[in-house]
>>> print(open('run05.pdb').read())   # PDB, C-alpha atoms, pLDDT in the B column
ATOM      1  CA  MET R  24      76.405  12.479 -76.369  1.00 56.00           C
ATOM      2  CA  SER R  25      76.606  11.779 -80.063  1.00 60.00           C
ATOM      3  CA  SER R  26      77.791   8.188 -79.776  1.00 76.00           C
ATOM      4  CA  ALA R  27      79.369   5.707 -77.443  1.00 84.00           C
ATOM      5  CA  SER R  28      82.182   3.291 -78.107  1.00 93.00           C
ATOM      6  CA  THR R  29      82.457  -0.094 -76.461  1.00 94.00           C
ATOM      7  CA  SER R  30      85.313  -2.489 -75.800  1.00 96.00           C
ATOM      8  CA  LYS R  31      86.019  -5.769 -74.105  1.00 96.00           C
ATOM      9  CA  ILE R  32      88.946  -5.649 -71.693  1.00 96.00           C
ATOM     10  CA  THR R  33      90.631  -8.860 -70.584  1.00 97.00           C
ATOM     11  CA  SER R  34      92.663  -8.660 -67.399  1.00 96.00           C
ATOM     12  CA  THR R  35      94.688 -11.123 -65.371  1.00 96.00           C
ATOM     13  CA  LEU R  36      93.817 -10.770 -61.693  1.00 94.00           C
ATOM     14  CA  PRO R  37      96.384 -11.152 -58.877  1.00 95.00           C
ATOM     15  CA  SER R  38      95.031 -14.677 -58.315  1.00 96.00           C
ATOM     16  CA  GLY R  39      96.090 -15.565 -61.871  1.00 96.00           C
ATOM     17  CA  THR R  40      92.549 -15.912 -63.184  1.00 96.00           C
ATOM     18  CA  THR R  41      91.389 -14.037 -66.256  1.00 96.00           C
ATOM     19  CA  LYS R  42      88.422 -11.671 -66.047  1.00 96.00           C
ATOM     20  CA  ASN R  43      86.610  -9.855 -68.845  1.00 97.00           C
ATOM     21  CA  TYR R  44      85.210  -6.359 -68.403  1.00 97.00           C
ATOM     22  CA  PHE R  45      82.946  -4.228 -70.596  1.00 97.00           C
ATOM     23  CA  LEU R  46      84.100  -0.636 -71.212  1.00 97.00           C
ATOM     24  CA  LYS R  47      81.841   2.053 -72.635  1.00 96.00           C
ATOM     25  CA  THR R  48      83.185   5.515 -73.477  1.00 95.00           C
ATOM     26  CA  GLY R  49      81.547   8.714 -74.634  1.00 93.00           C
ATOM     27  CA  THR R  50      82.236  12.426 -74.792  1.00 91.00           C
ATOM     28  CA  GLY R  51      80.624  15.476 -73.294  1.00 87.00           C
ATOM     29  CA  GLN R  52      78.462  16.218 -70.287  1.00 87.00           C
ATOM     30  CA  ALA R  53      75.650  13.979 -71.591  1.00 89.00           C
ATOM     31  CA  ALA R  54      77.954  10.939 -71.402  1.00 91.00           C
ATOM     32  CA  GLU R  55      79.034  11.849 -67.884  1.00 92.00           C
ATOM     33  CA  ILE R  56      75.401  12.110 -66.708  1.00 93.00           C
ATOM     34  CA  MET R  57      74.397   8.941 -68.559  1.00 94.00           C
ATOM     35  CA  PHE R  58      77.242   6.842 -67.181  1.00 96.00           C
ATOM     36  CA  ALA R  59      76.700   8.061 -63.593  1.00 95.00           C
ATOM     37  CA  GLY R  60      73.042   7.017 -63.815  1.00 95.00           C
ATOM     38  CA  GLU R  61      73.862   3.754 -65.538  1.00 96.00           C
ATOM     39  CA  HIS R  62      76.452   2.885 -62.877  1.00 97.00           C
ATOM     40  CA  ALA R  63      74.025   3.559 -60.011  1.00 95.00           C
ATOM     41  CA  SER R  64      71.054   1.831 -61.622  1.00 95.00           C
ATOM     42  CA  LEU R  65      73.003  -1.272 -62.718  1.00 96.00           C
ATOM     43  CA  ASN R  66      74.268  -1.722 -59.179  1.00 95.00           C
ATOM     44  CA  ALA R  67      70.806  -1.185 -57.674  1.00 93.00           C
ATOM     45  CA  LEU R  68      69.399  -3.853 -60.004  1.00 93.00           C
ATOM     46  CA  HIS R  69      72.397  -6.139 -59.426  1.00 94.00           C
ATOM     47  CA  ASN R  70      72.012  -5.814 -55.646  1.00 91.00           C
ATOM     48  CA  ALA R  71      68.348  -6.834 -55.857  1.00 91.00           C
ATOM     49  CA  VAL R  72      68.808  -9.713 -58.349  1.00 93.00           C
ATOM     50  CA  PRO R  73      72.521 -10.388 -58.967  1.00 92.00           C
ATOM     51  CA  SER R  74      71.999 -12.559 -62.053  1.00 90.00           C
ATOM     52  CA  LEU R  75      69.719 -10.026 -63.794  1.00 91.00           C
ATOM     53  CA  CYS R  76      72.364  -7.591 -65.006  1.00 93.00           C
ATOM     54  CA  PRO R  77      76.093  -6.903 -64.820  1.00 95.00           C
ATOM     55  CA  ARG R  78      77.755  -5.273 -61.844  1.00 96.00           C
ATOM     56  CA  SER R  79      79.240  -1.867 -62.532  1.00 98.00           C
ATOM     57  CA  TYR R  80      82.713  -1.274 -61.140  1.00 97.00           C
ATOM     58  CA  GLY R  81      83.138   2.380 -61.875  1.00 96.00           C
ATOM     59  CA  TRP R  82      82.531   5.414 -64.013  1.00 96.00           C
ATOM     60  CA  GLY R  83      84.147   8.793 -64.397  1.00 94.00           C
ATOM     61  CA  MET R  84      86.224  11.019 -66.601  1.00 92.00           C
ATOM     62  CA  PHE R  85      89.517  10.000 -68.187  1.00 89.00           C
ATOM     63  CA  ALA R  86      92.464  11.925 -66.775  1.00 82.00           C
ATOM     64  CA  GLU R  87      93.364  13.204 -70.244  1.00 69.00           C
ATOM     65  CA  GLY R  88      91.076  16.214 -69.842  1.00 66.00           C
ATOM     66  CA  ASN R  89      89.314  15.655 -73.167  1.00 75.00           C
ATOM     67  CA  GLU R  90      85.792  15.431 -71.710  1.00 83.00           C
ATOM     68  CA  LYS R  91      85.750  11.681 -72.345  1.00 91.00           C
ATOM     69  CA  SER R  92      83.800   9.590 -69.833  1.00 94.00           C
ATOM     70  CA  PHE R  93      83.860   5.870 -69.160  1.00 95.00           C
ATOM     71  CA  LEU R  94      81.803   3.105 -67.552  1.00 97.00           C
ATOM     72  CA  VAL R  95      83.263  -0.303 -66.611  1.00 98.00           C
ATOM     73  CA  THR R  96      81.020  -3.314 -65.913  1.00 97.00           C
ATOM     74  CA  ASP R  97      81.146  -7.076 -65.948  1.00 97.00           C
ATOM     75  CA  PHE R  98      81.364  -8.425 -69.473  1.00 96.00           C
ATOM     76  CA  LEU R  99      78.401 -10.615 -70.405  1.00 90.00           C
ATOM     77  CA  ASN R 100      78.765 -13.085 -73.228  1.00 84.00           C
ATOM     78  CA  LEU R 101      75.526 -12.583 -75.149  1.00 78.00           C
ATOM     79  CA  SER R 102      76.455 -14.858 -78.029  1.00 69.00           C
ATOM     80  CA  GLY R 103      74.160 -17.662 -76.886  1.00 59.00           C
ATOM     81  CA  ARG R 104      77.068 -19.854 -75.848  1.00 55.00           C
ATOM     82  CA  GLY R 105      77.706 -20.074 -72.133  1.00 51.00           C
ATOM     83  CA  GLY R 106      74.069 -19.265 -71.459  1.00 52.00           C
ATOM     84  CA  SER R 107      72.390 -19.090 -68.089  1.00 52.00           C
ATOM     85  CA  SER R 108      71.898 -22.848 -67.741  1.00 48.00           C
ATOM     86  CA  GLU R 109      75.604 -23.444 -68.458  1.00 49.00           C
ATOM     87  CA  ARG R 110      76.558 -20.830 -65.821  1.00 52.00           C
ATOM     88  CA  GLY R 111      74.479 -22.656 -63.209  1.00 59.00           C
ATOM     89  CA  GLU R 112      71.639 -20.132 -63.164  1.00 68.00           C
ATOM     90  CA  THR R 113      68.278 -21.654 -62.401  1.00 80.00           C
ATOM     91  CA  MET R 114      65.955 -18.638 -62.607  1.00 88.00           C
ATOM     92  CA  SER R 115      64.204 -17.702 -65.827  1.00 91.00           C
ATOM     93  CA  LEU R 116      64.017 -14.071 -66.910  1.00 92.00           C
ATOM     94  CA  ALA R 117      60.382 -14.000 -65.756  1.00 93.00           C
ATOM     95  CA  GLN R 118      61.408 -15.271 -62.316  1.00 93.00           C
ATOM     96  CA  LYS R 119      64.201 -12.688 -62.103  1.00 93.00           C
ATOM     97  CA  MET R 120      61.763  -9.897 -63.010  1.00 93.00           C
ATOM     98  CA  ALA R 121      59.260 -11.167 -60.445  1.00 93.00           C
ATOM     99  CA  LYS R 122      61.978 -11.175 -57.788  1.00 92.00           C
ATOM    100  CA  LEU R 123      63.050  -7.660 -58.774  1.00 90.00           C
ATOM    101  CA  HIS R 124      59.511  -6.315 -58.520  1.00 87.00           C
ATOM    102  CA  THR R 125      58.814  -7.996 -55.179  1.00 89.00           C
ATOM    103  CA  THR R 126      62.080  -6.908 -53.549  1.00 87.00           C
ATOM    104  CA  PRO R 127      61.430  -3.901 -51.306  1.00 83.00           C
ATOM    105  CA  ALA R 128      63.352  -0.839 -52.380  1.00 80.00           C
ATOM    106  CA  PRO R 129      65.845   0.461 -49.853  1.00 84.00           C
ATOM    107  CA  ILE R 130      64.920   3.617 -47.953  1.00 92.00           C
ATOM    108  CA  PRO R 131      66.778   6.472 -49.663  1.00 94.00           C
ATOM    109  CA  GLU R 132      69.388   8.398 -47.722  1.00 93.00           C
ATOM    110  CA  GLY R 133      67.773  11.333 -45.952  1.00 94.00           C
ATOM    111  CA  TYR R 134      64.295   9.724 -45.848  1.00 95.00           C
ATOM    112  CA  ASP R 135      62.590   7.679 -43.151  1.00 95.00           C
ATOM    113  CA  LYS R 136      60.374   5.575 -45.419  1.00 93.00           C
ATOM    114  CA  PRO R 137      60.457   4.022 -48.890  1.00 90.00           C
ATOM    115  CA  MET R 138      60.080   6.492 -51.738  1.00 92.00           C
ATOM    116  CA  TYR R 139      59.600   6.236 -55.501  1.00 92.00           C
ATOM    117  CA  GLY R 140      62.436   7.596 -57.597  1.00 93.00           C
ATOM    118  CA  PHE R 141      66.178   7.305 -57.741  1.00 93.00           C
ATOM    119  CA  ALA R 142      69.076   9.223 -56.225  1.00 93.00           C
ATOM    120  CA  VAL R 143      70.641  10.208 -59.561  1.00 93.00           C
ATOM    121  CA  PRO R 144      69.315  11.034 -63.017  1.00 93.00           C
ATOM    122  CA  THR R 145      69.131   8.116 -65.427  1.00 93.00           C
ATOM    123  CA  CYS R 146      68.706   8.462 -69.166  1.00 91.00           C
ATOM    124  CA  CYS R 147      66.281   7.353 -71.827  1.00 87.00           C
ATOM    125  CA  GLY R 148      68.630   7.395 -74.788  1.00 82.00           C
ATOM    126  CA  ASP R 149      70.599  10.570 -74.194  1.00 78.00           C
ATOM    127  CA  THR R 150      67.720  12.345 -72.409  1.00 86.00           C
ATOM    128  CA  PRO R 151      68.271  12.666 -68.642  1.00 90.00           C
ATOM    129  CA  GLN R 152      65.204  11.614 -66.647  1.00 92.00           C
ATOM    130  CA  ASP R 153      63.987  13.513 -63.581  1.00 91.00           C
ATOM    131  CA  ASN R 154      64.044  10.901 -60.810  1.00 94.00           C
ATOM    132  CA  MET R 155      63.346  13.107 -57.775  1.00 95.00           C
ATOM    133  CA  PHE R 156      61.722  11.075 -55.014  1.00 95.00           C
ATOM    134  CA  THR R 157      57.964  11.121 -54.486  1.00 93.00           C
ATOM    135  CA  GLU R 158      55.766   9.261 -52.001  1.00 90.00           C
ATOM    136  CA  SER R 159      53.647   7.378 -54.553  1.00 89.00           C
ATOM    137  CA  TRP R 160      54.286   5.474 -57.748  1.00 89.00           C
ATOM    138  CA  ALA R 161      51.329   7.205 -59.415  1.00 92.00           C
ATOM    139  CA  GLU R 162      52.720  10.655 -58.596  1.00 93.00           C
ATOM    140  CA  PHE R 163      56.198   9.658 -59.780  1.00 94.00           C
ATOM    141  CA  TYR R 164      54.903   8.279 -63.078  1.00 94.00           C
ATOM    142  CA  ALA R 165      52.545  11.207 -63.745  1.00 95.00           C
ATOM    143  CA  GLU R 166      54.946  13.994 -62.767  1.00 95.00           C
ATOM    144  CA  ARG R 167      58.385  12.580 -63.545  1.00 95.00           C
ATOM    145  CA  ARG R 168      57.538  10.695 -66.714  1.00 94.00           C
ATOM    146  CA  LEU R 169      54.349  11.850 -68.478  1.00 95.00           C
ATOM    147  CA  LYS R 170      54.532  15.559 -67.626  1.00 96.00           C
ATOM    148  CA  PHE R 171      58.313  15.546 -68.049  1.00 94.00           C
ATOM    149  CA  ILE R 172      57.965  14.176 -71.601  1.00 93.00           C
ATOM    150  CA  LEU R 173      55.254  16.752 -72.338  1.00 95.00           C
ATOM    151  CA  GLY R 174      57.542  19.532 -71.094  1.00 95.00           C
ATOM    152  CA  ARG R 175      60.360  18.347 -73.354  1.00 91.00           C
ATOM    153  CA  ALA R 176      58.007  18.142 -76.343  1.00 92.00           C
ATOM    154  CA  GLU R 177      56.664  21.644 -75.668  1.00 96.00           C
ATOM    155  CA  LYS R 178      60.168  23.053 -75.335  1.00 94.00           C
ATOM    156  CA  ARG R 179      61.126  21.571 -78.686  1.00 93.00           C
ATOM    157  CA  ASN R 180      57.874  21.979 -80.646  1.00 95.00           C
ATOM    158  CA  GLY R 181      55.770  24.580 -78.835  1.00 97.00           C
ATOM    159  CA  ARG R 182      52.651  24.099 -76.769  1.00 96.00           C
ATOM    160  CA  ASP R 183      49.744  22.006 -78.049  1.00 96.00           C
ATOM    161  CA  GLU R 184      46.701  22.730 -75.854  1.00 97.00           C
ATOM    162  CA  GLU R 185      44.891  19.511 -76.797  1.00 97.00           C
ATOM    163  CA  LEU R 186      47.918  17.352 -76.011  1.00 96.00           C
ATOM    164  CA  ALA R 187      48.572  19.234 -72.757  1.00 97.00           C
ATOM    165  CA  ASP R 188      44.939  18.695 -71.702  1.00 97.00           C
ATOM    166  CA  LEU R 189      45.087  14.973 -72.526  1.00 97.00           C
ATOM    167  CA  VAL R 190      48.339  14.491 -70.601  1.00 97.00           C
ATOM    168  CA  GLU R 191      46.924  16.377 -67.606  1.00 97.00           C
ATOM    169  CA  LYS R 192      43.747  14.242 -67.612  1.00 97.00           C
ATOM    170  CA  THR R 193      45.802  11.072 -67.967  1.00 97.00           C
ATOM    171  CA  ALA R 194      48.109  12.105 -65.117  1.00 96.00           C
ATOM    172  CA  ARG R 195      45.248  13.177 -62.840  1.00 95.00           C
ATOM    173  CA  LYS R 196      42.644  10.472 -63.551  1.00 94.00           C
ATOM    174  CA  VAL R 197      43.988   7.482 -65.484  1.00 94.00           C
ATOM    175  CA  VAL R 198      47.372   6.911 -63.827  1.00 94.00           C
ATOM    176  CA  PRO R 199      46.046   6.835 -60.214  1.00 91.00           C
ATOM    177  CA  ARG R 200      43.251   4.451 -61.242  1.00 91.00           C
ATOM    178  CA  LEU R 201      45.582   2.117 -63.130  1.00 90.00           C
ATOM    179  CA  LEU R 202      48.064   2.108 -60.277  1.00 86.00           C
ATOM    180  CA  ARG R 203      45.275   2.089 -57.646  1.00 75.00           C
ATOM    181  CA  GLU R 204      46.669   5.046 -55.768  1.00 54.00           C
ATOM    182  CA  GLY R 205      45.281   8.395 -54.871  1.00 46.00           C
ATOM    183  CA  TRP R 206      47.399  11.506 -54.476  1.00 43.00           C
TER     184      TRP R 206
END
>>> encode(input="run05.pdb", output="structure tokens")
Amino acid sequence: MSSASTSKITSTLPSGTTKNYFLKTGTGQAAEIMFAGEHASLNALHNAVPSLCPRSYGWGMFAEGNEKSFLVTDFLNLSGRGGSSERGETMSLAQKMAKLHTTPAPIPEGYDKPMYGFAVPTCCGDTPQDNMFTESWAEFYAERRLKFILGRAEKRNGRDEELADLVEKTARKVVPRLLREGW
């Protein structure tokens, strides 16, 4: 996806109240993948801590057939006016993050216990991330993040034996110790 465009949509609901929505559009398969992951991850975060991020209402392709994708979420006024205290929110960002990280993750469909990962790819910029489920956080981080990034770098720039060795040592020794997990 080369770029995304954003818009604010104001709609009058059947009740007569006005509601603002945020619309993001982009073209190509990268936008479609990105918006699918953004939709799922925003709603997962919103379900855990509703005041942390906007709810996503939908994503998909425009009917025009021009490979243009969209994502529609709540519109957040980030101007500084109408801030969290004026909206009746009492939790600080730190408290919201603490709640997020102490909320048990739901058991993924098809599994019988909690797993680390996510059901759909999400993106870092326009790079899709491998989120396949694993049983430990250390394994997920080592395999799905560090080694994934190394693989992308090698594909683009060729193999660097010293870097590959350092990433492997970090994944095998450092990550499990930092995260206090063995795998």
>>> residues_near_point(input="run05.pdb", point="(88.9, -12.8, -67.5)", cutoff="12 Å", atoms="all atoms listed in the file", output="list in words")
Lys31, Ile32, Thr33, Ser34, Thr35, Leu36, Pro37, Ser38, Gly39, Thr40, Thr41, Lys42, Asn43, Tyr44, Phe45, Asp97, Phe98, Leu99 and Asn100 of chain R
>>> write_last_selection(input="run05.pdb", atoms="C-alpha atoms", output="short mmCIF file (atom, residue, chain, number, x, y, z; two decimals), in the coordinates of the input")
data_model
loop_
_atom_site.label_atom_id
_atom_site.label_comp_id
_atom_site.auth_asym_id
_atom_site.auth_seq_id
_atom_site.Cartn_x
_atom_site.Cartn_y
_atom_site.Cartn_z
CA LYS R 31 86.02 -5.77 -74.10
CA ILE R 32 88.95 -5.65 -71.69
CA THR R 33 90.63 -8.86 -70.58
CA SER R 34 92.66 -8.66 -67.40
CA THR R 35 94.69 -11.12 -65.37
CA LEU R 36 93.82 -10.77 -61.69
CA PRO R 37 96.38 -11.15 -58.88
CA SER R 38 95.03 -14.68 -58.32
CA GLY R 39 96.09 -15.56 -61.87
CA THR R 40 92.55 -15.91 -63.18
CA THR R 41 91.39 -14.04 -66.26
CA LYS R 42 88.42 -11.67 -66.05
CA ASN R 43 86.61 -9.86 -68.84
CA TYR R 44 85.21 -6.36 -68.40
CA PHE R 45 82.95 -4.23 -70.60
CA ASP R 97 81.15 -7.08 -65.95
CA PHE R 98 81.36 -8.43 -69.47
CA LEU R 99 78.40 -10.62 -70.40
CA ASN R 100 78.76 -13.08 -73.23
#
>>> closest_atom_pairs(input="run05.pdb", of="segment 46-75 of chain R", to="segment 136-157 of chain R", cutoff="7 Å", atoms="all atoms listed in the file", output="CSV")
residue,atom,partner,partner_atom,distance
R:Ala53,CA,R:Asp149,CA,6.6
R:Met57,CA,R:Cys146,CA,5.7
R:Gly60,CA,R:Thr145,CA,4.4
R:Glu61,CA,R:Thr145,CA,6.4
>>> write_last_selection(input="run05.pdb", atoms="C-alpha atoms", output="short mmCIF file (atom, residue, chain, number, x, y, z; two decimals), in the coordinates of the input")
data_model
loop_
_atom_site.label_atom_id
_atom_site.label_comp_id
_atom_site.auth_asym_id
_atom_site.auth_seq_id
_atom_site.Cartn_x
_atom_site.Cartn_y
_atom_site.Cartn_z
CA ALA R 53 75.65 13.98 -71.59
CA MET R 57 74.40 8.94 -68.56
CA GLY R 60 73.04 7.02 -63.82
CA GLU R 61 73.86 3.75 -65.54
#
>>> axis_aligned_box(input="run05.pdb", around="segment 130-145 of chain R", padding_each_side="8 Å", output="JSON")
{"center_x": 65.1, "center_y": 7.5, "center_z": -54.3, "size_x": 27.0, "size_y": 23.7, "size_z": 38.3}
>>> resolve_selection(input="run05.pdb", expression="the PyMOL selection byres ((chain R and resi 84) around 12)", output="short mmCIF file (atom, residue, chain, number, x, y, z; two decimals) with C-alpha atoms, in the coordinates of the input")
data_model
loop_
_atom_site.label_atom_id
_atom_site.label_comp_id
_atom_site.auth_asym_id
_atom_site.auth_seq_id
_atom_site.Cartn_x
_atom_site.Cartn_y
_atom_site.Cartn_z
CA LYS R 47 81.84 2.05 -72.64
CA THR R 48 83.18 5.52 -73.48
CA GLY R 49 81.55 8.71 -74.63
CA THR R 50 82.24 12.43 -74.79
CA GLY R 51 80.62 15.48 -73.29
CA GLN R 52 78.46 16.22 -70.29
CA ALA R 54 77.95 10.94 -71.40
CA GLU R 55 79.03 11.85 -67.88
CA ILE R 56 75.40 12.11 -66.71
CA PHE R 58 77.24 6.84 -67.18
CA ALA R 59 76.70 8.06 -63.59
CA GLY R 81 83.14 2.38 -61.88
CA TRP R 82 82.53 5.41 -64.01
CA GLY R 83 84.15 8.79 -64.40
CA PHE R 85 89.52 10.00 -68.19
CA ALA R 86 92.46 11.92 -66.78
CA GLU R 87 93.36 13.20 -70.24
CA GLY R 88 91.08 16.21 -69.84
CA ASN R 89 89.31 15.66 -73.17
CA GLU R 90 85.79 15.43 -71.71
CA LYS R 91 85.75 11.68 -72.34
CA SER R 92 83.80 9.59 -69.83
CA PHE R 93 83.86 5.87 -69.16
CA LEU R 94 81.80 3.10 -67.55
CA VAL R 95 83.26 -0.30 -66.61
#
>>> residues_around(input="run05.pdb", residues="Ala161 of chain R", least_positions_apart="4", cutoff="7 Å", atoms="all atoms listed in the file", output="ChimeraX atom specification")
/R:165,198-199,202,204
>>> closest_residue(input="run05.pdb", among="R:Pro129, R:Gln118, R:Thr96, R:Asn180", to="Asn70 of chain R", atoms="only C-alpha atoms")
R:Pro129
